[in-house]
Every structure is written in structure tokens, then in C-alpha cells.
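run.cif follows (mmCIF, C-alpha atoms and all ligand atoms):
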data_final
loop_
_atom_site.label_atom_id
_atom_site.label_comp_id
_atom_site.auth_asym_id
_atom_site.auth_seq_id
_atom_site.Cartn_x
_atom_site.Cartn_y
_atom_site.Cartn_z
CA MET A 1 108.06 84.38 102.80
CA LYS A 2 107.31 83.11 106.32
CA LEU A 3 110.23 82.46 108.66
CA ALA A 4 109.26 78.81 109.13
CA THR A 5 109.25 78.26 105.33
CA ARG A 6 112.57 80.10 104.99
CA LEU A 7 114.14 77.96 107.71
CA PHE A 8 112.77 74.76 106.18
CA LEU A 9 113.98 75.70 102.67
CA SER A 10 117.42 76.77 103.90
CA HIS A 11 117.90 73.47 105.74
CA LEU A 12 116.72 71.58 102.68
CA ILE A 13 119.15 73.50 100.44
CA VAL A 14 122.06 72.74 102.81
CA VAL A 15 121.18 69.03 102.82
CA LEU A 16 120.78 68.92 99.00
CA ILE A 17 124.08 70.75 98.39
CA SER A 18 125.85 68.37 100.82
CA ILE A 19 124.40 65.29 99.10
CA ALA A 20 125.27 66.66 95.64
CA LEU A 21 128.82 67.48 96.71
CA LEU A 22 129.19 64.08 98.32
CA GLY A 23 127.93 62.34 95.14
CA ILE A 24 130.00 64.39 92.67
CA LEU A 25 133.23 64.25 94.65
CA THR A 26 132.91 60.54 95.47
CA THR A 27 132.35 59.59 91.78
CA ARG A 28 135.32 61.79 90.79
CA LEU A 29 137.69 60.74 93.58
CA ALA A 30 136.93 57.01 93.96
CA PRO A 31 138.36 55.86 90.52
CA ALA A 32 141.46 58.04 90.99
CA ALA A 33 142.06 56.63 94.47
CA PHE A 34 141.52 53.12 93.10
CA GLU A 35 144.10 53.66 90.28
CA ILE A 36 146.69 55.07 92.66
CA ARG A 37 146.32 52.10 95.00
CA ASN A 38 146.56 49.63 92.07
CA GLU A 39 149.74 51.26 90.81
CA VAL A 40 151.28 51.07 94.28
CA GLU A 41 150.39 47.38 94.58
CA THR A 42 151.80 46.55 91.09
CA ILE A 43 155.07 48.27 92.03
CA GLN A 44 155.20 46.26 95.28
CA ILE A 45 154.54 42.99 93.42
CA ASN A 46 157.25 43.75 90.80
CA GLY A 47 159.66 44.78 93.55
CA ASN A 48 159.17 41.42 95.37
CA GLU A 49 159.49 39.55 92.05
CA GLN A 50 156.36 37.56 92.80
CA LEU A 51 155.42 36.81 89.21
CA GLU A 52 153.18 33.96 90.11
CA SER A 53 149.72 34.87 91.17
CA ASN A 54 146.51 33.06 92.00
CA THR A 55 142.95 34.24 91.39
CA SER A 56 141.72 34.40 95.03
CA SER A 57 144.54 36.66 96.25
CA ASP A 58 143.95 38.92 93.22
CA ARG A 59 140.29 39.26 94.12
CA SER A 60 140.87 40.05 97.80
CA SER A 61 143.47 42.59 96.78
CA LEU A 62 140.96 44.11 94.33
CA ASP A 63 138.25 44.25 97.05
CA ALA A 64 140.60 45.94 99.47
CA SER A 65 141.60 48.46 96.75
CA ILE A 66 137.97 49.31 96.00
CA THR A 67 137.03 49.62 99.70
CA GLU A 68 139.99 51.81 100.47
CA ALA A 69 139.39 53.95 97.38
CA VAL A 70 135.73 54.44 98.28
CA ILE A 71 136.52 55.27 101.94
CA THR A 72 139.22 57.77 100.86
CA ALA A 73 136.82 59.38 98.37
CA LEU A 74 134.00 59.47 100.97
CA LEU A 75 136.24 61.03 103.61
CA ILE A 76 137.45 63.78 101.28
CA ALA A 77 133.95 64.42 99.81
CA GLY A 78 132.34 64.29 103.28
CA GLY A 79 134.89 66.77 104.65
CA VAL A 80 134.28 69.20 101.77
CA ALA A 81 130.47 68.79 102.11
CA VAL A 82 130.64 69.48 105.88
CA ILE A 83 132.74 72.63 105.32
CA VAL A 84 130.40 73.93 102.59
CA ALA A 85 127.24 73.08 104.65
CA ALA A 86 128.70 74.80 107.74
CA GLY A 87 129.51 77.91 105.67
CA ILE A 88 126.01 78.12 104.20
CA SER A 89 124.35 77.48 107.63
CA TRP A 90 126.52 80.18 109.23
CA ALA A 91 125.51 82.70 106.52
CA ILE A 92 121.80 81.81 106.91
CA SER A 93 121.84 81.99 110.74
CA ARG A 94 123.59 85.39 110.54
CA ARG A 95 120.78 86.65 108.29
CA ILE A 96 118.14 85.38 110.76
CA VAL A 97 119.88 86.58 113.91
CA ARG A 98 120.69 90.09 112.57
CA PRO A 99 117.13 91.54 112.97
CA ILE A 100 116.77 89.90 116.42
CA ARG A 101 120.08 91.48 117.47
CA ALA A 102 118.78 94.83 116.16
CA VAL A 103 115.62 94.48 118.31
CA VAL A 104 117.73 93.67 121.39
CA ASP A 105 119.99 96.70 120.78
CA ALA A 106 117.03 99.02 120.10
CA SER A 107 115.19 97.88 123.27
CA GLN A 108 118.29 98.63 125.34
CA TYR A 109 118.41 102.07 123.72
CA ILE A 110 114.71 102.69 124.49
CA ALA A 111 115.18 101.46 128.07
CA GLY A 112 117.72 104.29 128.35
CA GLY A 113 114.96 106.81 127.51
CA HIS A 114 115.70 107.29 123.77
CA TYR A 115 112.14 106.82 122.51
CA GLU A 116 112.97 108.05 119.00
CA GLN A 117 114.76 104.76 118.18
CA ARG A 118 113.16 102.87 115.23
CA LEU A 119 114.05 99.70 113.29
CA ASP A 120 114.26 99.29 109.51
CA VAL A 121 111.73 96.75 108.26
CA HIS A 122 113.24 94.78 105.35
CA THR A 123 111.36 91.48 105.30
CA HIS A 124 107.71 90.44 105.24
CA ASP A 125 108.08 87.47 107.57
CA GLU A 126 107.67 87.10 111.35
CA LEU A 127 110.93 89.02 111.91
CA GLY A 128 109.56 91.88 109.78
CA ASP A 129 106.37 91.77 111.88
CA LEU A 130 108.47 91.83 115.06
CA SER A 131 110.34 94.96 113.86
CA HIS A 132 107.06 96.59 112.81
CA GLN A 133 105.41 95.86 116.19
CA PHE A 134 108.54 97.10 117.95
CA ASN A 135 108.33 100.41 116.05
CA GLN A 136 104.65 100.76 117.00
CA MET A 137 105.49 100.10 120.66
CA ALA A 138 108.30 102.68 120.52
CA ALA A 139 105.93 105.25 118.97
CA ALA A 140 103.33 104.58 121.71
CA LEU A 141 105.99 104.98 124.40
CA ALA A 142 107.14 108.26 122.80
CA THR A 143 103.53 109.55 122.84
CA ILE A 144 103.10 108.58 126.51
CA GLU A 145 106.38 110.29 127.38
CA ASN A 146 105.35 113.47 125.52
CA THR A 147 101.95 113.46 127.25
CA ARG A 148 103.66 113.02 130.61
CA ARG A 149 106.00 115.95 129.93
CA GLN A 150 103.13 118.11 128.66
CA LEU A 151 101.04 117.20 131.72
CA LEU A 152 103.86 118.17 134.08
CA ALA A 153 104.29 121.48 132.25
CA ASP A 154 100.49 122.12 132.30
CA VAL A 155 100.08 121.21 135.97
CA SER A 156 102.97 123.42 137.08
CA HIS A 157 101.57 126.26 134.96
CA GLU A 158 98.10 125.82 136.49
CA LEU A 159 99.48 125.71 140.03
CA LYS A 160 101.67 128.77 139.49
CA THR A 161 98.86 131.36 139.25
CA PRO A 162 96.89 130.59 142.45
CA LEU A 163 100.12 129.98 144.40
CA ALA A 164 101.59 133.31 143.23
CA SER A 165 98.34 135.02 144.23
CA ILE A 166 98.29 133.41 147.72
CA LYS A 167 101.97 134.27 148.22
CA GLY A 168 101.38 137.87 147.11
CA TYR A 169 98.51 138.35 149.59
CA MET A 170 100.48 136.73 152.42
CA GLU A 171 103.47 139.01 151.79
CA GLY A 172 101.14 142.04 151.64
CA LEU A 173 99.57 140.99 154.96
CA GLN A 174 103.00 140.49 156.57
CA ASP A 175 104.26 143.90 155.39
CA GLY A 176 101.00 145.59 156.35
CA ILE A 177 100.34 146.69 152.73
CA VAL A 178 97.18 144.55 152.50
CA ALA A 179 94.58 145.06 155.21
CA PRO A 180 93.46 141.87 157.03
CA THR A 181 89.83 142.38 156.06
CA PRO A 182 87.20 139.65 155.54
CA GLU A 183 87.47 140.36 151.75
CA THR A 184 91.21 139.59 151.79
CA PHE A 185 90.61 136.32 153.64
CA HIS A 186 87.79 135.47 151.25
CA LEU A 187 90.13 136.00 148.26
CA LEU A 188 92.75 133.79 149.89
CA TYR A 189 90.10 131.15 150.56
CA CYS A 190 88.98 131.28 146.89
CA GLU A 191 92.54 130.74 145.62
CA ALA A 192 93.06 127.80 148.01
CA ASP A 193 89.69 126.42 146.95
CA ARG A 194 90.68 126.65 143.28
CA LEU A 195 93.90 124.76 144.04
CA GLN A 196 91.94 122.08 145.84
CA ARG A 197 89.50 121.70 142.92
CA LEU A 198 92.37 121.50 140.44
CA VAL A 199 94.06 118.75 142.45
CA HIS A 200 90.73 116.93 142.80
CA ASP A 201 90.06 117.15 139.03
CA LEU A 202 93.56 115.92 138.23
CA GLN A 203 93.17 112.99 140.61
CA GLU A 204 89.83 112.16 139.05
CA LEU A 205 91.26 112.39 135.52
CA SER A 206 94.22 110.16 136.36
CA HIS A 207 91.87 107.56 137.87
CA ILE A 208 89.57 107.63 134.87
CA GLU A 209 92.46 107.46 132.40
CA ALA A 210 93.72 104.42 134.30
CA GLY A 211 90.27 102.82 133.84
CA LEU A 212 89.30 103.28 137.53
CA PRO A 213 86.95 102.80 139.17
CA GLU A 214 85.20 99.94 137.38
CA LEU A 215 81.93 101.07 135.81
CA ASN A 216 78.84 99.78 137.51
CA LEU A 217 76.89 99.16 134.28
CA LYS A 218 73.20 98.49 134.79
CA PRO A 219 70.01 99.24 132.84
CA HIS A 220 68.72 102.67 133.91
CA SER A 221 66.03 104.99 132.68
CA ALA A 222 67.73 107.89 130.85
CA ASN A 223 64.62 109.97 131.65
CA ALA A 224 65.21 109.44 135.39
CA LEU A 225 68.91 110.27 134.96
CA ILE A 226 68.09 113.62 133.32
CA GLU A 227 65.41 114.44 135.88
CA SER A 228 67.74 113.78 138.83
CA VAL A 229 70.45 116.11 137.41
CA VAL A 230 67.91 118.80 136.49
CA ALA A 231 66.56 118.68 140.05
CA ARG A 232 70.07 119.41 141.38
CA LEU A 233 70.59 122.44 139.14
CA VAL A 234 67.14 123.96 138.80
CA LEU A 235 67.65 126.51 141.60
CA GLN A 236 70.96 127.75 140.14
CA TYR A 237 69.28 128.17 136.73
CA GLN A 238 66.42 130.07 138.32
CA SER A 239 68.71 132.37 140.28
CA LYS A 240 70.69 133.24 137.09
CA GLY A 241 67.44 133.77 135.15
CA ILE A 242 68.06 131.04 132.56
CA GLN A 243 65.21 128.89 131.33
CA LEU A 244 65.87 125.15 131.54
CA CYS A 245 63.60 122.90 129.50
CA THR A 246 63.58 119.18 128.80
CA GLN A 247 62.26 117.32 125.74
CA ILE A 248 62.19 113.67 126.69
CA PRO A 249 59.93 110.86 125.42
CA PRO A 250 57.02 109.90 127.75
CA THR A 251 58.12 106.23 127.85
CA PRO A 252 61.42 105.54 129.65
CA VAL A 253 64.46 105.12 127.39
CA MET A 254 66.53 102.38 129.02
CA VAL A 255 70.31 102.75 128.77
CA LEU A 256 73.19 100.56 129.93
CA ALA A 257 75.09 102.96 132.16
CA ASP A 258 76.77 103.72 135.44
CA PHE A 259 74.14 106.04 136.98
CA ASP A 260 76.61 108.19 138.97
CA ARG A 261 79.13 108.54 136.15
CA ILE A 262 76.61 109.55 133.49
CA GLY A 263 75.04 111.85 136.11
CA GLN A 264 78.51 113.44 136.43
CA VAL A 265 78.70 113.93 132.62
CA LEU A 266 75.25 115.55 132.52
CA LEU A 267 76.11 117.72 135.52
CA ASN A 268 79.27 118.94 133.79
CA LEU A 269 77.48 119.73 130.50
CA LEU A 270 74.52 121.45 132.23
CA GLY A 271 76.94 123.28 134.56
CA ASN A 272 78.92 124.56 131.56
CA ALA A 273 75.73 125.58 129.73
CA LEU A 274 74.72 127.55 132.85
CA GLN A 275 78.14 129.15 133.11
CA TYR A 276 78.53 130.14 129.45
CA THR A 277 74.95 131.44 128.91
CA SER A 278 73.96 134.90 130.08
CA SER A 279 70.78 135.57 132.05
CA GLY A 280 67.65 135.61 129.92
CA GLY A 281 69.02 132.72 127.84
CA MET A 282 67.72 129.20 127.46
CA VAL A 283 69.15 125.68 127.86
CA SER A 284 67.30 122.62 126.59
CA ILE A 285 67.96 118.93 127.10
CA CYS A 286 66.70 116.46 124.47
CA LEU A 287 66.65 112.68 124.58
CA ASN A 288 66.02 110.54 121.49
CA PRO A 289 66.31 106.79 121.03
CA GLU A 290 67.83 106.04 117.59
CA ASN A 291 69.41 102.89 116.07
CA GLY A 292 69.82 101.12 119.41
CA ARG A 293 71.43 104.19 120.98
CA ALA A 294 70.10 106.89 123.25
CA HIS A 295 71.06 110.32 121.93
CA PHE A 296 71.36 113.10 124.54
CA SER A 297 71.80 116.73 123.45
CA ILE A 298 72.22 119.83 125.62
CA SER A 299 71.74 123.08 123.67
CA ASP A 300 72.29 126.58 125.01
CA THR A 301 71.91 130.11 123.69
CA GLY A 302 75.27 131.08 125.21
CA ILE A 303 78.61 132.38 123.97
CA GLY A 304 79.03 129.64 121.33
CA LEU A 305 82.24 128.10 120.05
CA ALA A 306 84.54 128.94 117.13
CA ALA A 307 85.07 126.07 114.66
CA GLU A 308 88.70 125.54 115.76
CA ASP A 309 87.70 125.20 119.45
CA ARG A 310 84.98 122.57 119.04
CA GLU A 311 87.45 119.70 119.33
CA ARG A 312 90.14 121.43 121.39
CA ILE A 313 87.83 122.00 124.35
CA PHE A 314 88.05 118.25 125.05
CA GLN A 315 91.81 118.48 125.61
CA ARG A 316 92.80 118.80 129.24
CA PHE A 317 93.39 122.36 130.53
CA TYR A 318 92.04 123.84 127.30
CA ARG A 319 89.82 126.87 127.92
CA VAL A 320 88.66 129.19 125.17
CA ASP A 321 88.78 132.29 127.35
CA LYS A 322 91.39 131.52 129.98
CA SER A 323 90.87 134.53 132.23
CA ARG A 324 87.08 134.11 132.21
CA ALA A 325 87.24 130.38 132.95
CA ARG A 326 89.83 130.95 135.68
CA SER A 327 87.81 133.64 137.39
CA SER A 328 84.87 131.20 137.46
CA GLY A 329 87.14 128.47 138.82
CA GLY A 330 87.21 126.32 135.66
CA SER A 331 90.24 124.09 135.30
CA GLY A 332 89.52 122.97 131.72
CA ILE A 333 89.43 119.30 132.75
CA GLY A 334 85.67 118.77 133.06
CA LEU A 335 85.04 117.98 129.38
CA THR A 336 88.13 115.75 129.18
CA ILE A 337 86.75 113.67 132.05
CA ALA A 338 83.25 113.69 130.51
CA ARG A 339 84.55 112.40 127.15
CA HIS A 340 86.57 109.64 128.87
CA LEU A 341 83.51 108.56 130.83
CA VAL A 342 81.23 108.47 127.78
CA GLU A 343 83.86 106.58 125.74
CA ARG A 344 84.21 104.04 128.55
CA HIS A 345 80.47 103.48 128.09
CA ARG A 346 81.25 102.88 124.37
CA GLY A 347 79.49 106.10 123.48
CA GLN A 348 80.60 109.35 121.85
CA LEU A 349 80.63 112.97 123.04
CA TRP A 350 81.06 115.92 120.70
CA ALA A 351 80.23 119.62 120.41
CA GLU A 352 78.48 121.65 117.70
CA SER A 353 78.07 125.38 117.34
CA GLU A 354 77.06 127.82 114.64
CA GLY A 355 79.88 130.09 115.84
CA ILE A 356 80.72 132.72 118.48
CA SER A 357 77.61 134.11 120.24
CA LYS A 358 75.39 131.61 118.46
CA GLY A 359 75.07 129.07 121.26
CA SER A 360 76.40 125.52 121.41
CA THR A 361 75.04 121.99 121.52
CA PHE A 362 76.80 119.11 123.25
CA HIS A 363 75.76 115.62 122.08
CA PHE A 364 76.48 112.25 123.55
CA THR A 365 75.27 108.73 122.87
CA LEU A 366 74.87 105.66 125.07
CA GLN A 367 74.04 102.05 124.28
CA MET A 368 70.43 101.18 124.99
CA ALA A 369 69.80 98.38 127.44
P1 LIG A 401 85.92 124.38 132.61
O1 LIG A 401 86.06 123.86 133.97
O2 LIG A 401 86.93 125.44 132.27
O3 LIG A 401 84.53 124.75 132.24
P2 LIG A 401 85.57 122.26 130.73
O4 LIG A 401 86.49 121.17 130.32
O5 LIG A 401 84.26 121.88 131.26
O6 LIG A 401 86.37 123.15 131.75
O7 LIG A 401 85.37 123.21 129.47
C1 LIG A 401 86.49 123.59 128.68
C2 LIG A 401 86.20 124.86 127.92
O8 LIG A 401 85.18 124.62 126.95
C3 LIG A 401 85.64 125.98 128.78
O9 LIG A 401 86.67 126.72 129.41
C4 LIG A 401 84.91 126.82 127.75
O10 LIG A 401 85.83 127.67 127.10
C5 LIG A 401 84.43 125.79 126.73
N1 LIG A 401 83.00 125.44 126.93
C6 LIG A 401 82.50 124.41 127.63
N2 LIG A 401 81.16 124.39 127.59
C7 LIG A 401 80.79 125.45 126.85
C8 LIG A 401 79.53 125.97 126.43
N3 LIG A 401 78.38 125.39 126.77
N4 LIG A 401 79.54 127.07 125.65
C9 LIG A 401 80.68 127.65 125.29
N5 LIG A 401 81.91 127.22 125.65
C10 LIG A 401 81.97 126.12 126.42
#
Show me this structure written as C-alpha cells.
Amino acid sequence: MKLATRLFLSHLIVVLISIALLGILTTRLAPAAFEIRNEVETIQINGNEQLESNTSSDRSSLDASITEAVITALLIAGGVAVIVAAGISWAISRRIVRPIRAVVDASQYIAGGHYEQRLDVHTHDELGDLSHQFNQMAAALATIENTRRQLLADVSHELKTPLASIKGYMEGLQDGIVAPTPETFHLLYCEADRLQRLVHDLQELSHIEAGLPELNLKPHSANALIESVVARLVLQYQSKGIQLCTQIPPTPVMVLADFDRIGQVLLNLLGNALQYTSSGGMVSICLNPENGRAHFSISDTGIGLAAEDRERIFQRFYRVDKSRARSSGGSGIGLTIARHLVERHRGQLWAESEGISKGSTFHFTLQMA
């Protein structure tokens, strides 16, 4: 039952009980009060030995008796009705205030960092809804807190390796154990570079997760988008000996997209395909318009993905082969950023693979303009 209906009914019940009490008690008490007053008057008359009486004084005395009896009965009945109504109202308000009090107490508890606090939902009215929404909010806060803790742990873990490496080389140089050769300085430079990229990726991820910057959505030709990214990578593909082919329709497929951001997604997927495919392999990019969406797919003949990794690779810092990805400078954030960007375009990004060493295909969709 809705809170408004409950409040209305409870007030109505209090009023009805008060009226009933007033009616019952007045009808019971008024005649008794009238008899008592009559007896008192008769005794007074007998005591004064006024045996003579006239009709008008009898009537006024009768009126006064009735009035007084009714007032006495009304006062007693009214008093009882007020006490009963106050008792019922107090019980009802306690029932209504109890869940609100519980919400206040629980929010103070959560404000103190105890995100596990939950409320029991007993009713199906607005107060039940309030408790339910409160529990959902507490669960969301707990998830955010866990993510924050996990992120801190991940970031410190990621920073530890390059920092330990830099420190080790510096100590070796100081003690004269490591020779100050160009190779040593190049290694130090690579570690510092990896740290810089990690910090840059994290900054980028935090901006994108916060919904920044605003997407500059405009109609663009998906064909032109693919061609511009291919042009940037073609030399790297050639130098690694990997064939890069495109299968795109002759007429432009217009998509509603932020050109730079989708370019970044394509660059990440084509960069990964280049990195995880050995020389002699092939990478192909396909574009198909279907059901009002443009479907992009990037297939490679590379190392492939195990079934359990196909979804995990989109989690931040997740790398299938940690040492291999690290040595190539991968932070495991690229795909997380790419998925965020595609989802902000109201599209989807997912991976498919027949298994290890059987290549992989990354698909994503965008709304057509
Ligand atoms: P990274 O910077 O490490 O490449 P990503 O988020 O781009 O980070 O990728 C996460 C992980 O997904 C990679 O470390 C790799 O294990 C796996 N991966 C990405 N692309 C491919 C691919 N085309 N083939 C096989 N594995 C891939």
C-alpha cells in the first residue's frame, strides 16, 4: 500500500475511533450524569422543605440538569477519545518514522566508510522504495571503493617494476658494477619512457571514465577514417613483413563519430594486431553497413586468444602474457580505453578467436549518420 494511502487511512481510522468513542461514551454517561444531578436536587429541595413547586422553575431546573449532564458526559468522552486518538497516532507515526530513522543511521554509518551497511526492506510503499534505493546506492559506493582500492594496488604494482629497474641500474652505475655505456643509458631511457607512457595512459583512462573530453560527434566517412589510420601504420606493417589489407565498400559509409577518438580506437586495434602477429602474417580490416550500424572488424593471423581471455583483455592492466607485453611496452590499458570510447559512441567492442595460435578478430559497431 502506498504511503499516502496509509497516512490517509490511518488518519481516517483515528477520526472514526474518536467519533465512535465520543458517541458511545456520551450516550452511556449523559443519562447517569442526569440522574445523579436530579437526585442531588431532590435532596436539596427536601432539605429546604420547599414542598411547593411551580412548573417554570421545574423546567429551568430540568434544562440545567440536562445541559450539565451532557457537558459532563462530553468532557469525559472527549478526554478519553483524545487519549485513545493520541495513542493510536503515536503508534502510527512511530511505524512511519522507524524506516526513515534507519536510513539516517545507515547513511551516517556509510559516511564513516562502512560501505557494507544495508537496510531491511519490509514494506512495498515509498519507504520500502527509499530503503531499496539506499541499498542500491550503498552497493554502487562499495563497488567504486573496491575499484579505487584495486586501481591503487594495480598502479603501484605497475610502477614498481620500472622503478626497481631504474634504481638497480643507478646503483650499479654508482658502484661501478654497471658500465656507463650507451646501451645502459638506452635501457634507462626505455624504463623511464615506459613509466611516462603508463602515466599518460592512466591519465587518459581517468579522463575518459569521467566522460571527458566531450565527444565531437559529426557525420564522417568510415572509409576515410580507416584509410587515414592505415596510412599511419603502413610503413610499420611493411617493415615487420605483415600484409595489411582492407575490404571496404566503394561508397562511403557515413558514421556519427568523433574522428580523432575512433581513429585512436582503430590505431590501438591495428597496433595490437601488428604487435601480436609474427612476420609473414596478415591483418585485414573489413567495414560493413548493417541494420543502421557500421560494423568494423580487424582480423589477424597472430597468437590468438584463449576463451577465458576474450573478455578479460578489456579489463585495465590485463595482459595475457605479462612479460611479453611489458617488454613491448604494453600497459594493458589500451583496450580498456578503446571499449570506453566505443561505448561512449553507443557502440560495442568485442573480441573473437578460434583459440591460441589461431588468430583473433576484434569487432566494433558505430551508429550510422
Ligand atoms: P597492451 O598495451 O598490453 O597491448 P591492450 O589493452 O591493448 O594493452 O591489450 C591487452 C592484452 O590483450 C594484450 O596484452 C594482449 O595480451 C591481448 N591482445 C590484444 N590484442 C591482441 C591481438 N590482436 N591478439 C592477441 N592478443 C591480443
May I have the residues within 10 Å of His132 (chain A) as an mmCIF file with C-alpha atoms, in the coordinates of the input, using only C-alpha atoms and disregarding those fewer than 3 positions away in the same chain?
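Saved file around-v8.cif follows:
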data_model
loop_
_atom_site.group_PDB
_atom_site.id
_atom_site.type_symbol
_atom_site.label_atom_id
_atom_site.label_comp_id
_atom_site.auth_asym_id
_atom_site.auth_seq_id
_atom_site.Cartn_x
_atom_site.Cartn_y
_atom_site.Cartn_z
ATOM 1 C CA ARG A 118 113.160 102.870 115.230
ATOM 2 C CA LEU A 119 114.050 99.700 113.290
ATOM 3 C CA ASP A 120 114.260 99.290 109.510
ATOM 4 C CA VAL A 121 111.730 96.750 108.260
ATOM 5 C CA HIS A 122 113.240 94.780 105.350
ATOM 6 C CA HIS A 124 107.710 90.440 105.240
ATOM 7 C CA GLU A 126 107.670 87.100 111.350
ATOM 8 C CA LEU A 127 110.930 89.020 111.910
ATOM 9 C CA GLY A 128 109.560 91.880 109.780
ATOM 10 C CA ASP A 129 106.370 91.770 111.880
ATOM 11 C CA ASN A 135 108.330 100.410 116.050
ATOM 12 C CA GLN A 136 104.650 100.760 117.000
ATOM 13 C CA MET A 137 105.490 100.100 120.660
ATOM 14 C CA ALA A 138 108.300 102.680 120.520
#
Q: Output the neighbourhood of ligand LIG 401 (chain A) as a PyMOL selection string, that is, all protein and nucleic acid residues with some atom at most 9 Å from the ligand, counting only C-alpha atoms and all ligand atoms.
A: chain A and resi 268-277+298-305+309-310+312-322+324-326+328-338+351+353+356-357+359-362
Q: Would you mind reading off the distance between CA of Leu287 (chain A) and CA of Ile226 (chain A), one decimal, in Å?
A: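 About the pair CA of Leu287 (chain A) and CA of Ile226 (chain A): they are 8.9 Å apart.
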Q | Which of A:Val342, A:Val97, A:Leu173, A:Leu141 sits closest to Leu215 (chain A) [using all atoms listed in the file] | A |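 The answer is A:Val342, which sits nearest to Leu215 (chain A).
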Q: Could you tell me how far CA of Arg344 (chain A) lies from CA of Ala139 (chain A), in Å and to one decimal?
A: 23.8 Å
Q. Which distance in Å separates CA of Val229 (chain A) and CA of Gly263 (chain A), to one decimal?
A.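 CA of Gly263 (chain A) lies 6.4 Å from CA of Val229 (chain A).
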Q: Kindly extract all protein, DNA and RNA residues lying within 10 Å of the coordinates (131.2, 67.0, 101.8) given in the file, considering all atoms listed in the file, and supply them as an MDAnalysis selection string.
A: chainID A and resid 17:26 74:85
Q. For Arg197 (chain A), which of A:Asn223, A:Leu7, A:Leu235, A:Glu158 is the closest residue, counting all atoms listed in the file?
A.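 Comparing A:Asn223, A:Leu7, A:Leu235, A:Glu158 against Arg197 (chain A), the winner is A:Glu158.
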Q) Please, which residues are within 10 Å of (94.7, 140.4, 151.8) by the file's coordinates, counting all atoms listed in the file, and could they come as a list in words? A)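 Returned residue set, sorted by chain then number, is Ser165, Ile166, Gly168, Tyr169, Met170, Glu171, Gly172, Leu173, Gln174, Gly176, Ile177, Val178, Ala179, Pro180, Thr181, Pro182, Glu183, Thr184, Phe185, His186, Leu187 and Leu188 of chain A.
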(Q) Would you pick out the contacts of region 56-73 of chain A at 9 Å or less, using all atoms listed in the file, so that residues sharing its chain but fewer than 5 positions from it are not included, and give the list as a PyMOL selection string? (A) chain A and resi 22+25-38+41+78
For the residues selected in the previous step, produce a file with C-alpha atoms as a compact mmCIF listing (two decimals), in the coordinates of the input.
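See again.txt below for the written result:
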# COMPACT_ATOMS: atom_id res chain seq x y z
CA LEU A 22 129.19 64.08 98.32
CA LEU A 25 133.23 64.25 94.65
CA THR A 26 132.91 60.54 95.47
CA THR A 27 132.35 59.59 91.78
CA ARG A 28 135.32 61.79 90.79
CA LEU A 29 137.69 60.74 93.58
CA ALA A 30 136.93 57.01 93.96
CA PRO A 31 138.36 55.86 90.52
CA ALA A 32 141.46 58.04 90.99
CA ALA A 33 142.06 56.63 94.47
CA PHE A 34 141.52 53.12 93.10
CA GLU A 35 144.10 53.66 90.28
CA ILE A 36 146.69 55.07 92.66
CA ARG A 37 146.32 52.10 95.00
CA ASN A 38 146.56 49.63 92.07
CA GLU A 41 150.39 47.38 94.58
CA GLY A 78 132.34 64.29 103.28
Expected axis-aligned box over every listed atom of region 94-107 of chain A, 4 Å added per side, centre plus edges in Å to one decimal, as lines of an AutoDock Vina configuration file:
center_x = 119.4
center_y = 92.2
center_z = 115.8
size_x = 16.4
size_y = 21.6
size_z = 23.0
Q) So, counting only C-alpha atoms, which residue among A:Arg95, A:Asn146, A:Leu130, A:Ile285 is closest to Tyr115 (chain A)? A)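 Looking at the shortest contact to Tyr115 (chain A), the residue is A:Asn146.
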Q: Find the residues near Leu159 (chain A): any atom within 9 Å, counting only C-alpha atoms, skip ones fewer than 5 places away on the same chain, and give them as a PyMOL selection string.
A: chain A and resi 154+164+195+198
Surrounding residues of His220 (chain A) excluding itself and chain neighbours under 4 positions, 7 Å, all atoms listed in the file, as a PDB file with C-alpha atoms, in the frame of the given file:
ATOM      1  CA  MET A 254      66.530 102.380 129.020  1.00  0.00           C
ATOM      2  CA  VAL A 255      70.310 102.750 128.770  1.00  0.00           C
ATOM      3  CA  LEU A 256      73.190 100.560 129.930  1.00  0.00           C
ATOM      4  CA  ALA A 257      75.090 102.960 132.160  1.00  0.00           C
TER       5      ALA A 257
END
Q: May I ask which of the residues A:Leu202, A:Leu3, A:Ala222, A:Cys190 is the closest one to Asn288 (chain A), counting all atoms listed in the file?
A: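 Distance minimum relative to Asn288 (chain A) lands on A:Ala222.
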Q. With all atoms listed in the file as the atoms that count, which of A:Ile242, A:Leu366, A:Leu266, A:Ala307 lies nearest to Asn291 (chain A)?
A.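 Counting all atoms listed in the file, the residue closest to Asn291 (chain A) is A:Leu366.
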Q) For Ser228 (chain A), which residue among A:Phe134, A:Phe364, A:Phe259, A:Trp90 is the nearest when counting all atoms listed in the file? A) A:Phe259
